[in-house]
>>> print(open('upload.cif').read())   # mmCIF, C-alpha atoms and all ligand atoms
data_final
#
loop_
_atom_site.group_PDB
_atom_site.id
_atom_site.type_symbol
_atom_site.label_atom_id
_atom_site.label_comp_id
_atom_site.auth_asym_id
_atom_site.auth_seq_id
_atom_site.Cartn_x
_atom_site.Cartn_y
_atom_site.Cartn_z
ATOM 1 C CA MET A 108 -4.346 -5.583 22.003
ATOM 2 C CA ILE A 109 -3.428 -4.405 18.503
ATOM 3 C CA ILE A 110 -0.863 -6.528 16.670
ATOM 4 C CA ALA A 111 0.724 -4.819 13.658
ATOM 5 C CA ILE A 112 2.375 -7.101 11.126
ATOM 6 C CA ASP A 113 4.266 -5.471 8.258
ATOM 7 C CA GLY A 114 6.666 -6.701 5.634
ATOM 8 C CA PRO A 115 7.339 -7.142 1.929
ATOM 9 C CA ALA A 116 5.432 -9.388 -0.497
ATOM 10 C CA ALA A 117 5.486 -13.126 0.283
ATOM 11 C CA SER A 118 7.418 -12.688 3.536
ATOM 12 C CA GLY A 119 4.898 -14.879 5.370
ATOM 13 C CA LYS A 120 3.161 -11.966 7.112
ATOM 14 C CA GLY A 121 -0.345 -12.933 5.968
ATOM 15 C CA THR A 122 -0.116 -16.494 7.254
ATOM 16 C CA LEU A 123 1.396 -15.275 10.499
ATOM 17 C CA ALA A 124 -1.290 -12.618 10.976
ATOM 18 C CA ARG A 125 -4.099 -15.141 10.381
ATOM 19 C CA ARG A 126 -2.612 -17.576 12.866
ATOM 20 C CA LEU A 127 -2.051 -14.968 15.560
ATOM 21 C CA ALA A 128 -5.610 -13.693 15.107
ATOM 22 C CA ALA A 129 -7.036 -17.216 15.444
ATOM 23 C CA HIS A 130 -4.874 -17.928 18.485
ATOM 24 C CA PHE A 131 -5.887 -14.763 20.349
ATOM 25 C CA GLY A 132 -9.493 -14.675 19.071
ATOM 26 C CA LEU A 133 -8.936 -11.265 17.447
ATOM 27 C CA PRO A 134 -10.393 -9.965 14.166
ATOM 28 C CA HIS A 135 -7.905 -9.882 11.298
ATOM 29 C CA LEU A 136 -7.605 -7.483 8.372
ATOM 30 C CA ASP A 137 -5.298 -8.157 5.433
ATOM 31 C CA THR A 138 -4.897 -4.534 4.335
ATOM 32 C CA GLY A 139 -3.241 -5.538 1.048
ATOM 33 C CA LEU A 140 -6.703 -6.688 -0.058
ATOM 34 C CA LEU A 141 -7.961 -3.109 0.150
ATOM 35 C CA TYR A 142 -5.345 -1.878 -2.325
ATOM 36 C CA ARG A 143 -5.843 -4.963 -4.482
ATOM 37 C CA ALA A 144 -9.592 -4.269 -4.585
ATOM 38 C CA VAL A 145 -9.027 -0.644 -5.634
ATOM 39 C CA GLY A 146 -6.704 -1.841 -8.420
ATOM 40 C CA ARG A 147 -9.158 -4.520 -9.525
ATOM 41 C CA ILE A 148 -12.139 -2.170 -9.700
ATOM 42 C CA ALA A 149 -10.071 0.437 -11.585
ATOM 43 C CA LEU A 150 -8.994 -2.164 -14.161
ATOM 44 C CA ASP A 151 -12.568 -3.511 -14.467
ATOM 45 C CA ARG A 152 -13.729 0.029 -15.255
ATOM 46 C CA GLY A 153 -10.946 0.567 -17.768
ATOM 47 C CA LEU A 154 -9.417 3.366 -15.683
ATOM 48 C CA ASP A 155 -5.754 4.370 -15.654
ATOM 49 C CA LEU A 156 -4.069 3.109 -12.457
ATOM 50 C CA ASP A 157 -1.942 6.287 -12.465
ATOM 51 C CA ASP A 158 -5.095 8.415 -12.123
ATOM 52 C CA ALA A 159 -4.908 9.368 -8.434
ATOM 53 C CA ASP A 160 -8.320 11.081 -8.319
ATOM 54 C CA ALA A 161 -10.244 8.263 -10.004
ATOM 55 C CA THR A 162 -8.605 5.548 -7.898
ATOM 56 C CA ALA A 163 -9.104 7.584 -4.693
ATOM 57 C CA ASP A 164 -12.847 7.832 -5.526
ATOM 58 C CA ILE A 165 -12.931 4.034 -5.705
ATOM 59 C CA ALA A 166 -11.056 3.779 -2.387
ATOM 60 C CA GLU A 167 -13.539 6.130 -0.702
ATOM 61 C CA GLN A 168 -16.455 3.916 -1.686
ATOM 62 C CA LEU A 169 -14.826 0.583 -0.921
ATOM 63 C CA ASP A 170 -16.920 -1.817 1.156
ATOM 64 C CA VAL A 171 -14.757 -4.242 3.171
ATOM 65 C CA ALA A 172 -17.644 -6.698 3.342
ATOM 66 C CA GLU A 173 -17.422 -7.098 -0.422
ATOM 67 C CA LEU A 174 -13.755 -8.008 -0.756
ATOM 68 C CA ASP A 175 -13.651 -11.114 -2.920
ATOM 69 C CA GLU A 176 -10.386 -12.618 -1.792
ATOM 70 C CA ALA A 177 -10.068 -15.274 -4.474
ATOM 71 C CA ARG A 178 -10.356 -12.751 -7.318
ATOM 72 C CA LEU A 179 -7.848 -10.411 -5.686
ATOM 73 C CA ARG A 180 -5.024 -12.863 -5.105
ATOM 74 C CA GLY A 181 -3.814 -13.119 -8.704
ATOM 75 C CA ARG A 182 -0.350 -12.052 -9.751
ATOM 76 C CA GLU A 183 -1.361 -8.977 -11.731
ATOM 77 C CA MET A 184 -3.446 -7.712 -8.802
ATOM 78 C CA GLY A 185 -0.367 -7.349 -6.583
ATOM 79 C CA GLU A 186 1.211 -5.144 -9.226
ATOM 80 C CA ALA A 187 -1.959 -3.052 -9.702
ATOM 81 C CA ALA A 188 -2.295 -2.695 -5.906
ATOM 82 C CA SER A 189 1.221 -1.377 -5.578
ATOM 83 C CA VAL A 190 0.637 1.245 -8.300
ATOM 84 C CA VAL A 191 -2.541 2.630 -6.686
ATOM 85 C CA ALA A 192 -1.014 2.326 -3.187
ATOM 86 C CA ALA A 193 1.600 4.928 -4.137
ATOM 87 C CA HIS A 194 -1.105 7.643 -4.450
ATOM 88 C CA PRO A 195 -1.358 9.598 -1.174
ATOM 89 C CA LYS A 196 -5.062 10.268 -1.906
ATOM 90 C CA VAL A 197 -5.788 6.550 -2.114
ATOM 91 C CA ARG A 198 -3.942 5.892 1.159
ATOM 92 C CA LYS A 199 -5.810 8.735 2.856
ATOM 93 C CA ALA A 200 -9.164 7.380 1.665
ATOM 94 C CA LEU A 201 -8.406 3.978 3.246
ATOM 95 C CA LEU A 202 -6.997 5.294 6.522
ATOM 96 C CA ASP A 203 -10.139 5.675 8.673
ATOM 97 C CA LEU A 204 -11.513 2.306 7.668
ATOM 98 C CA GLN A 205 -8.303 0.600 8.812
ATOM 99 C CA ARG A 206 -8.077 2.580 12.055
ATOM 100 C CA ARG A 207 -11.710 1.828 12.864
ATOM 101 C CA PHE A 208 -11.077 -1.860 12.261
ATOM 102 C CA ALA A 209 -8.049 -1.764 14.570
ATOM 103 C CA HIS A 210 -9.933 -0.190 17.460
ATOM 104 C CA GLN A 211 -13.587 -1.189 17.106
ATOM 105 C CA ARG A 212 -13.551 -4.446 19.055
ATOM 106 C CA GLY A 213 -10.837 -3.660 21.552
ATOM 107 C CA GLY A 214 -8.104 -5.188 19.454
ATOM 108 C CA ALA A 215 -7.178 -6.709 16.113
ATOM 109 C CA VAL A 216 -4.404 -8.086 13.976
ATOM 110 C CA LEU A 217 -3.675 -6.070 10.826
ATOM 111 C CA ASP A 218 -1.080 -6.914 8.235
ATOM 112 C CA GLY A 219 0.325 -4.701 5.494
ATOM 113 C CA ARG A 220 3.168 -2.267 4.862
ATOM 114 C CA ASP A 221 2.414 0.703 7.115
ATOM 115 C CA ILE A 222 0.450 -0.714 10.048
ATOM 116 C CA GLY A 223 3.135 -0.089 12.661
ATOM 117 C CA THR A 224 4.237 3.234 11.163
ATOM 118 C CA VAL A 225 0.963 4.938 10.095
ATOM 119 C CA ILE A 226 -2.228 2.990 10.775
ATOM 120 C CA ALA A 227 -1.587 1.917 14.375
ATOM 121 C CA PRO A 228 1.623 3.572 15.618
ATOM 122 C CA GLY A 229 0.496 2.858 19.202
ATOM 123 C CA ALA A 230 0.090 -0.902 18.627
ATOM 124 C CA GLU A 231 1.173 -2.999 21.601
ATOM 125 C CA MET A 232 3.079 -5.378 19.340
ATOM 126 C CA LYS A 233 4.758 -4.640 16.011
ATOM 127 C CA ILE A 234 6.427 -7.337 13.978
ATOM 128 C CA PHE A 235 8.229 -6.651 10.697
ATOM 129 C CA VAL A 236 8.374 -9.932 8.803
ATOM 130 C CA THR A 237 11.033 -10.274 6.158
ATOM 131 C CA ALA A 238 12.912 -12.928 4.143
ATOM 132 C CA ALA A 239 15.456 -13.061 1.335
ATOM 133 C CA PRO A 240 13.916 -12.139 -2.060
ATOM 134 C CA ASP A 241 14.644 -15.529 -3.689
ATOM 135 C CA ILE A 242 12.969 -17.353 -0.785
ATOM 136 C CA ARG A 243 9.939 -15.095 -1.026
ATOM 137 C CA ALA A 244 9.822 -15.635 -4.787
ATOM 138 C CA ARG A 245 9.959 -19.418 -4.300
ATOM 139 C CA ARG A 246 7.025 -19.275 -1.867
ATOM 140 C CA ARG A 247 4.978 -17.029 -4.139
ATOM 141 C CA HIS A 248 5.798 -19.229 -7.140
ATOM 142 C CA LEU A 249 4.501 -22.320 -5.322
ATOM 143 C CA GLU A 250 1.368 -20.487 -4.262
ATOM 144 C CA LEU A 251 0.696 -19.332 -7.835
ATOM 145 C CA GLU A 252 1.293 -22.847 -9.181
ATOM 146 C CA ARG A 253 -1.297 -24.177 -6.750
ATOM 147 C CA ARG A 254 -3.750 -21.605 -8.079
ATOM 148 C CA GLY A 255 -3.063 -22.813 -11.619
ATOM 149 C CA ASP A 256 -1.351 -19.535 -12.577
ATOM 150 C CA ALA A 257 2.196 -20.640 -13.334
ATOM 151 C CA PRO A 258 4.636 -17.949 -14.491
ATOM 152 C CA SER A 259 8.363 -18.774 -14.457
ATOM 153 C CA PHE A 260 10.299 -18.477 -11.209
ATOM 154 C CA GLU A 261 12.390 -15.681 -12.773
ATOM 155 C CA ASP A 262 9.254 -13.692 -13.592
ATOM 156 C CA VAL A 263 7.973 -14.062 -10.027
ATOM 157 C CA LEU A 264 11.341 -12.961 -8.620
ATOM 158 C CA ALA A 265 11.373 -9.955 -10.964
ATOM 159 C CA ASP A 266 7.810 -9.023 -9.848
ATOM 160 C CA ILE A 267 8.822 -9.209 -6.213
ATOM 161 C CA ARG A 268 11.924 -7.092 -6.677
ATOM 162 C CA LYS A 269 9.979 -4.487 -8.639
ATOM 163 C CA ARG A 270 7.250 -4.334 -5.979
ATOM 164 C CA ASP A 271 9.833 -4.078 -3.154
ATOM 165 C CA ILE A 272 11.470 -1.100 -4.876
ATOM 166 C CA ARG A 273 8.150 0.653 -5.530
ATOM 167 C CA ASP A 274 6.777 0.003 -2.007
ATOM 168 C CA ALA A 275 9.973 1.012 -0.203
ATOM 169 C CA GLY A 276 10.688 3.970 -2.480
ATOM 170 C CA ARG A 277 7.337 5.785 -2.445
ATOM 171 C CA ALA A 278 7.143 9.103 -0.572
ATOM 172 C CA ASP A 279 3.940 8.355 1.380
ATOM 173 C CA ALA A 280 4.031 5.519 3.963
ATOM 174 C CA PRO A 281 6.956 3.606 2.445
ATOM 175 C CA LEU A 282 7.589 0.016 3.436
ATOM 176 C CA LYS A 283 9.918 0.174 6.431
ATOM 177 C CA PRO A 284 9.975 -1.181 9.967
ATOM 178 C CA ALA A 285 8.672 1.074 12.742
ATOM 179 C CA PRO A 286 11.530 2.004 15.117
ATOM 180 C CA ASP A 287 9.944 -0.175 17.825
ATOM 181 C CA ALA A 288 9.147 -3.177 15.571
ATOM 182 C CA HIS A 289 10.623 -6.615 16.167
ATOM 183 C CA ILE A 290 12.282 -7.926 13.003
ATOM 184 C CA LEU A 291 11.293 -11.494 12.210
ATOM 185 C CA ASP A 292 13.385 -12.987 9.396
ATOM 186 C CA THR A 293 11.590 -16.052 8.010
ATOM 187 C CA THR A 294 14.288 -16.979 5.462
ATOM 188 C CA ALA A 295 15.105 -20.157 7.408
ATOM 189 C CA LEU A 296 11.703 -20.598 9.102
ATOM 190 C CA ASP A 297 8.533 -22.357 7.991
ATOM 191 C CA ALA A 298 5.077 -21.094 9.003
ATOM 192 C CA ASP A 299 5.129 -23.023 12.309
ATOM 193 C CA GLY A 300 8.578 -21.700 13.178
ATOM 194 C CA ALA A 301 7.566 -18.102 12.436
ATOM 195 C CA PHE A 302 4.399 -18.508 14.505
ATOM 196 C CA ASP A 303 6.353 -19.848 17.499
ATOM 197 C CA VAL A 304 8.749 -16.875 17.447
ATOM 198 C CA ALA A 305 5.880 -14.386 17.110
ATOM 199 C CA LEU A 306 3.864 -16.032 19.869
ATOM 200 C CA ALA A 307 6.827 -15.806 22.230
ATOM 201 C CA LEU A 308 7.163 -12.091 21.388
ATOM 202 C CA VAL A 309 3.466 -11.376 21.975
ATOM 203 C CA THR A 310 3.080 -13.370 25.174
ATOM 204 C CA GLY A 311 6.379 -11.988 26.468
ATOM 205 C CA ALA A 312 5.145 -8.440 25.870
ATOM 206 C CA SER A 313 1.682 -8.808 27.432
HETATM 207 O O1 LIG A 401 0.278 -7.506 0.898
HETATM 208 P P1 LIG A 401 -0.110 -7.531 -0.558
HETATM 209 O O2 LIG A 401 0.897 -8.165 -1.445
HETATM 210 O O3 LIG A 401 -1.489 -8.073 -0.774
HETATM 211 O O4 LIG A 401 -0.185 -5.985 -0.946
HETATM 212 C C1 LIG A 401 -0.362 -5.573 -2.268
HETATM 213 C C2 LIG A 401 0.209 -4.172 -2.410
HETATM 214 O O5 LIG A 401 -0.608 -3.252 -1.681
HETATM 215 C C3 LIG A 401 1.601 -3.967 -1.857
HETATM 216 O O6 LIG A 401 2.614 -4.256 -2.803
HETATM 217 C C4 LIG A 401 1.616 -2.497 -1.451
HETATM 218 O O7 LIG A 401 1.962 -1.670 -2.523
HETATM 219 C C5 LIG A 401 0.170 -2.221 -1.107
HETATM 220 N N1 LIG A 401 -0.052 -2.144 0.333
HETATM 221 C C6 LIG A 401 0.271 -0.963 0.967
HETATM 222 N N2 LIG A 401 -0.010 -0.802 2.289
HETATM 223 C C7 LIG A 401 -0.558 -1.800 2.993
HETATM 224 C C8 LIG A 401 -0.857 -3.040 2.364
HETATM 225 C C9 LIG A 401 -0.567 -3.183 1.021
HETATM 226 O O8 LIG A 401 0.783 -0.043 0.347
HETATM 227 N N3 LIG A 401 -0.835 -1.593 4.287
#
>>> encode(input="upload.cif", output="structure tokens", more="lines below")
Ligand code: C5P
Amino acid sequence: MIIAIDGPAASGKGTLARRLAAHFGLPHLDTGLLYRAVGRIALDRGLDLDDADATADIAEQLDVAELDEARLRGREMGEAASVVAAHPKVRKALLDLQRRFAHQRGGAVLDGRDIGTVIAPGAEMKIFVTAAPDIRARRRHLELERRGDAPSFEDVLADIRKRDIRDAGRADAPLKPAPDAHILDTTALDADGAFDVALALVTGAS
């Protein structure tokens, strides 16, 4: 069973994907980390994030085993990820790796922006997780405060809005629900509530 979880930044899709994977004993891939890693390596090397060829070379050589999650979670990494993720060459370089992950062990949970539309269009279950921008910004703000990286709430909200526009507006694999995705609005739900709704969808479908 492949479970595709998509949605905008701080919608709760990562937490939901992790919990579903643990519940069903499936491997989980947070595909945002791949784009974050490409952005991180490009910045470390002093490269221009707008350089599609240079960032695609990094994407081609990316080793999933070496993703250092803690270093990739920072605020500026989300922004860098969304810049490199708009390059079709970068997306193409990361495609096979994600598809292999989805199919290699007979099933997986993947979360990102284009899992249901591009990476695994045949997934048995597609959930598009969303929430109002100010709620997402509040969640992200809390998370950043816990990490000791405390920008103002307004700055976090502005980041989120900017990233939404870039991710939904790009030509290649824009952020949008697959036609057969279930929409899960977590504006008024906590993590447990979102998990319960998703679990009912998955068990109802299988
Ligand atoms: O999900 P996360 O916030 O870690 O993703 C960082 C950025 O990576 C997103 O804003 C998006 O531009 C890009 N991304 C993508 N496709 C995915 C996952 C992430 O374009 N499947």
>>> residues_around(input="upload.cif", residues="stretch 284-290 of chain A", least_positions_apart="2", cutoff="7 Å", atoms="only C-alpha atoms", output="ChimeraX atom specification")
/A:223-224,233-236,292
>>> axis_aligned_box(input="upload.cif", around="ligand LIG 401 (chain A)", padding_each_side="5 Å", output="AutoDock Vina command-line options")
--center_x 0.6 --center_y -4.1 --center_z 0.7 --size_x 14.1 --size_y 18.1 --size_z 17.1
>>> closest_atom_pairs(input="upload.cif", of="chain A", to="ligand LIG 401 (chain A)", cutoff="6 Å", atoms="all atoms listed in the file", output="tab-separated table")
residue	atom	partner	partner_atom	distance
A:Ala116	CA	A:LIG401	O2	4.8
A:Thr138	CA	A:LIG401	C8	4.7
A:Gly139	CA	A:LIG401	C9	3.6
A:Leu140	CA	A:LIG401	O3	5.4
A:Tyr142	CA	A:LIG401	O5	5.0
A:Arg143	CA	A:LIG401	C1	5.9
A:Gly185	CA	A:LIG401	C1	4.7
A:Ala188	CA	A:LIG401	C2	4.5
A:Ser189	CA	A:LIG401	O7	3.2
A:Ala192	CA	A:LIG401	O8	4.6
A:Gly219	CA	A:LIG401	N3	3.5
A:Arg220	CA	A:LIG401	N3	4.1
A:Asp221	CA	A:LIG401	N3	4.9
A:Ile222	CA	A:LIG401	N3	6.0
A:Arg270	CA	A:LIG401	O6	5.6
A:Asp274	CA	A:LIG401	O7	5.1
>>> residues_near_point(input="upload.cif", point="(-11.1, 6.8, 3.5)", cutoff="6 Å", atoms="only C-alpha atoms", output="compact mmCIF listing (two decimals) with C-alpha atoms, in the coordinates of the input")
# COMPACT_ATOMS: atom_id res chain seq x y z
CA GLU A 167 -13.54 6.13 -0.70
CA LYS A 199 -5.81 8.74 2.86
CA ALA A 200 -9.16 7.38 1.66
CA LEU A 201 -8.41 3.98 3.25
CA LEU A 202 -7.00 5.29 6.52
CA ASP A 203 -10.14 5.68 8.67
>>> residues_around(input="upload.cif", residues="stretch 300-313 of chain A", least_positions_apart="6", cutoff="9 Å", atoms="all atoms listed in the file", output="list of chain:residue names")
A:Met108, A:Ile110, A:Gly119, A:Thr122, A:Leu123, A:Ala124, A:Arg126, A:Leu127, A:Glu231, A:Met232, A:Ile234, A:Val236, A:His289, A:Leu291, A:Asp292, A:Thr293
>>> atom_distance(input="upload.cif", atom1="atom CA of A:Asp271", atom2="atom CA of A:Asp160")
24.2 Å
>>> residues_around(input="upload.cif", residues="A:Val216", least_positions_apart="3", cutoff="8 Å", atoms="all atoms listed in the file", output="list in words")
Ile109, Ile110, Ala111, Ile112, Ala124, Arg125, Leu127, Ala128, Leu133, Pro134, His135, Leu136 and Ala209 of chain A
>>> resolve_selection(input="upload.cif", expression="the PyMOL selection byres (((chain A and resi 239) around 10) and not hetatm)", output="PDB file with C-alpha atoms, keeping the file's coordinate frame")
ATOM      1  CA  SER A 118       7.418 -12.688   3.536  1.00  0.00           C
ATOM      2  CA  THR A 237      11.033 -10.274   6.158  1.00  0.00           C
ATOM      3  CA  ALA A 238      12.912 -12.928   4.143  1.00  0.00           C
ATOM      4  CA  PRO A 240      13.916 -12.139  -2.060  1.00  0.00           C
ATOM      5  CA  ASP A 241      14.644 -15.529  -3.689  1.00  0.00           C
ATOM      6  CA  ILE A 242      12.969 -17.353  -0.785  1.00  0.00           C
ATOM      7  CA  ARG A 243       9.939 -15.095  -1.026  1.00  0.00           C
ATOM      8  CA  ALA A 244       9.822 -15.635  -4.787  1.00  0.00           C
ATOM      9  CA  ASP A 292      13.385 -12.987   9.396  1.00  0.00           C
ATOM     10  CA  THR A 293      11.590 -16.052   8.010  1.00  0.00           C
ATOM     11  CA  THR A 294      14.288 -16.979   5.462  1.00  0.00           C
ATOM     12  CA  ALA A 295      15.105 -20.157   7.408  1.00  0.00           C
TER      13      ALA A 295
END
>>> resolve_selection(input="upload.cif", expression="the PyMOL selection byres (((chain A and resi 191) around 12) and not hetatm)", output="ChimeraX atom specification")
/A:139,141-150,154-166,184-190,192-201,273-274,277,279
>>> write_last_selection(input="upload.cif", atoms="C-alpha atoms", output="PDB file, in the coordinates of the input")
ATOM      1  CA  GLY A 139      -3.241  -5.538   1.048  1.00  0.00           C
ATOM      2  CA  LEU A 141      -7.961  -3.109   0.150  1.00  0.00           C
ATOM      3  CA  TYR A 142      -5.345  -1.878  -2.325  1.00  0.00           C
ATOM      4  CA  ARG A 143      -5.843  -4.963  -4.482  1.00  0.00           C
ATOM      5  CA  ALA A 144      -9.592  -4.269  -4.585  1.00  0.00           C
ATOM      6  CA  VAL A 145      -9.027  -0.644  -5.634  1.00  0.00           C
ATOM      7  CA  GLY A 146      -6.704  -1.841  -8.420  1.00  0.00           C
ATOM      8  CA  ARG A 147      -9.158  -4.520  -9.525  1.00  0.00           C
ATOM      9  CA  ILE A 148     -12.139  -2.170  -9.700  1.00  0.00           C
ATOM     10  CA  ALA A 149     -10.071   0.437 -11.585  1.00  0.00           C
ATOM     11  CA  LEU A 150      -8.994  -2.164 -14.161  1.00  0.00           C
ATOM     12  CA  LEU A 154      -9.417   3.366 -15.683  1.00  0.00           C
ATOM     13  CA  ASP A 155      -5.754   4.370 -15.654  1.00  0.00           C
ATOM     14  CA  LEU A 156      -4.069   3.109 -12.457  1.00  0.00           C
ATOM     15  CA  ASP A 157      -1.942   6.287 -12.465  1.00  0.00           C
ATOM     16  CA  ASP A 158      -5.095   8.415 -12.123  1.00  0.00           C
ATOM     17  CA  ALA A 159      -4.908   9.368  -8.434  1.00  0.00           C
ATOM     18  CA  ASP A 160      -8.320  11.081  -8.319  1.00  0.00           C
ATOM     19  CA  ALA A 161     -10.244   8.263 -10.004  1.00  0.00           C
ATOM     20  CA  THR A 162      -8.605   5.548  -7.898  1.00  0.00           C
ATOM     21  CA  ALA A 163      -9.104   7.584  -4.693  1.00  0.00           C
ATOM     22  CA  ASP A 164     -12.847   7.832  -5.526  1.00  0.00           C
ATOM     23  CA  ILE A 165     -12.931   4.034  -5.705  1.00  0.00           C
ATOM     24  CA  ALA A 166     -11.056   3.779  -2.387  1.00  0.00           C
ATOM     25  CA  MET A 184      -3.446  -7.712  -8.802  1.00  0.00           C
ATOM     26  CA  GLY A 185      -0.367  -7.349  -6.583  1.00  0.00           C
ATOM     27  CA  GLU A 186       1.211  -5.144  -9.226  1.00  0.00           C
ATOM     28  CA  ALA A 187      -1.959  -3.052  -9.702  1.00  0.00           C
ATOM     29  CA  ALA A 188      -2.295  -2.695  -5.906  1.00  0.00           C
ATOM     30  CA  SER A 189       1.221  -1.377  -5.578  1.00  0.00           C
ATOM     31  CA  VAL A 190       0.637   1.245  -8.300  1.00  0.00           C
ATOM     32  CA  ALA A 192      -1.014   2.326  -3.187  1.00  0.00           C
ATOM     33  CA  ALA A 193       1.600   4.928  -4.137  1.00  0.00           C
ATOM     34  CA  HIS A 194      -1.105   7.643  -4.450  1.00  0.00           C
ATOM     35  CA  PRO A 195      -1.358   9.598  -1.174  1.00  0.00           C
ATOM     36  CA  LYS A 196      -5.062  10.268  -1.906  1.00  0.00           C
ATOM     37  CA  VAL A 197      -5.788   6.550  -2.114  1.00  0.00           C
ATOM     38  CA  ARG A 198      -3.942   5.892   1.159  1.00  0.00           C
ATOM     39  CA  LYS A 199      -5.810   8.735   2.856  1.00  0.00           C
ATOM     40  CA  ALA A 200      -9.164   7.380   1.665  1.00  0.00           C
ATOM     41  CA  LEU A 201      -8.406   3.978   3.246  1.00  0.00           C
ATOM     42  CA  ARG A 273       8.150   0.653  -5.530  1.00  0.00           C
ATOM     43  CA  ASP A 274       6.777   0.003  -2.007  1.00  0.00           C
ATOM     44  CA  ARG A 277       7.337   5.785  -2.445  1.00  0.00           C
ATOM     45  CA  ASP A 279       3.940   8.355   1.380  1.00  0.00           C
TER      46      ASP A 279
END
>>> closest_residue(input="upload.cif", among="A:Asp137, A:Ile272, A:Arg246, A:Arg254", to="A:Asp113", atoms="only C-alpha atoms")
A:Asp137
>>> atom_distance(input="upload.cif", atom1="atom CA of A:Val225", atom2="atom CA of A:Gln168")
21.1 Å
>>> closest_residue(input="upload.cif", among="A:Gly132, A:Gly121, A:Pro281, A:Asp151", to="A:Ala298", atoms="all atoms listed in the file")
A:Gly121
>>> residues_around(input="upload.cif", residues="A:His210", least_positions_apart="3", cutoff="10 Å", atoms="all atoms listed in the file", output="list in words")
Met108, Ile109, Gln205, Arg206, Arg207, Gly213, Gly214, Ala215 and Ala227 of chain A
>>> resolve_selection(input="upload.cif", expression="the PyMOL selection byres (((chain A and resi 264) around 9) and not hetatm)", output="list in words")
Pro240, Asp241, Arg243, Ala244, Arg245, Arg247, His248, Ser259, Phe260, Glu261, Asp262, Val263, Ala265, Asp266, Ile267, Arg268 and Lys269 of chain A
>>> write_last_selection(input="upload.cif", atoms="C-alpha atoms", output="CSV table (one decimal), keeping the file's coordinate frame")
chain,number,residue,atom,x,y,z
A,240,PRO,CA,13.9,-12.1,-2.1
A,241,ASP,CA,14.6,-15.5,-3.7
A,243,ARG,CA,9.9,-15.1,-1.0
A,244,ALA,CA,9.8,-15.6,-4.8
A,245,ARG,CA,10.0,-19.4,-4.3
A,247,ARG,CA,5.0,-17.0,-4.1
A,248,HIS,CA,5.8,-19.2,-7.1
A,259,SER,CA,8.4,-18.8,-14.5
A,260,PHE,CA,10.3,-18.5,-11.2
A,261,GLU,CA,12.4,-15.7,-12.8
A,262,ASP,CA,9.3,-13.7,-13.6
A,263,VAL,CA,8.0,-14.1,-10.0
A,265,ALA,CA,11.4,-10.0,-11.0
A,266,ASP,CA,7.8,-9.0,-9.8
A,267,ILE,CA,8.8,-9.2,-6.2
A,268,ARG,CA,11.9,-7.1,-6.7
A,269,LYS,CA,10.0,-4.5,-8.6
>>> closest_residue(input="upload.cif", among="A:Ala275, A:Asp175, A:Gly114, A:Arg182", to="A:Gly255", atoms="only C-alpha atoms")
A:Arg182
>>> atom_distance(input="upload.cif", atom1="atom CA of A:Asp297", atom2="atom CA of A:Lys283")
22.6 Å
>>> build_atoms(input="upload.cif", residues="stretch 266-277 of chain A", atoms="N, CA and C atoms", output="JSON list (two decimals), keeping the file's coordinate frame")
[["chain", "number", "residue", "atom", "x", "y", "z"],
["A", 266, "ASP", "N", 9.00, -9.72, -10.39],
["A", 266, "ASP", "CA", 7.81, -9.02, -9.85],
["A", 266, "ASP", "C", 8.06, -8.57, -8.42],
["A", 267, "ILE", "N", 8.61, -9.49, -7.63],
["A", 267, "ILE", "CA", 8.82, -9.21, -6.21],
["A", 267, "ILE", "C", 9.83, -8.09, -6.03],
["A", 268, "ARG", "N", 10.90, -8.14, -6.79],
["A", 268, "ARG", "CA", 11.92, -7.09, -6.68],
["A", 268, "ARG", "C", 11.36, -5.72, -7.09],
["A", 269, "LYS", "N", 10.56, -5.74, -8.15],
["A", 269, "LYS", "CA", 9.98, -4.49, -8.64],
["A", 269, "LYS", "C", 9.03, -3.90, -7.58],
["A", 270, "ARG", "N", 8.22, -4.78, -6.98],
["A", 270, "ARG", "CA", 7.25, -4.33, -5.98],
["A", 270, "ARG", "C", 7.97, -3.84, -4.72],
["A", 271, "ASP", "N", 9.04, -4.53, -4.31],
["A", 271, "ASP", "CA", 9.83, -4.08, -3.15],
["A", 271, "ASP", "C", 10.34, -2.65, -3.38],
["A", 272, "ILE", "N", 10.88, -2.41, -4.58],
["A", 272, "ILE", "CA", 11.47, -1.10, -4.88],
["A", 272, "ILE", "C", 10.38, -0.03, -4.86],
["A", 273, "ARG", "N", 9.22, -0.35, -5.49],
["A", 273, "ARG", "CA", 8.15, 0.65, -5.53],
["A", 273, "ARG", "C", 7.60, 0.92, -4.12],
["A", 274, "ASP", "N", 7.39, -0.16, -3.34],
["A", 274, "ASP", "CA", 6.78, 0.00, -2.01],
["A", 274, "ASP", "C", 7.72, 0.70, -1.03],
["A", 275, "ALA", "N", 9.02, 0.40, -1.15],
["A", 275, "ALA", "CA", 9.97, 1.01, -0.20],
["A", 275, "ALA", "C", 10.37, 2.42, -0.66],
["A", 276, "GLY", "N", 10.20, 2.70, -1.95],
["A", 276, "GLY", "CA", 10.69, 3.97, -2.48],
["A", 276, "GLY", "C", 9.64, 5.07, -2.53],
["A", 277, "ARG", "N", 8.36, 4.74, -2.32],
["A", 277, "ARG", "CA", 7.34, 5.78, -2.44],
["A", 277, "ARG", "C", 7.46, 6.80, -1.29]]
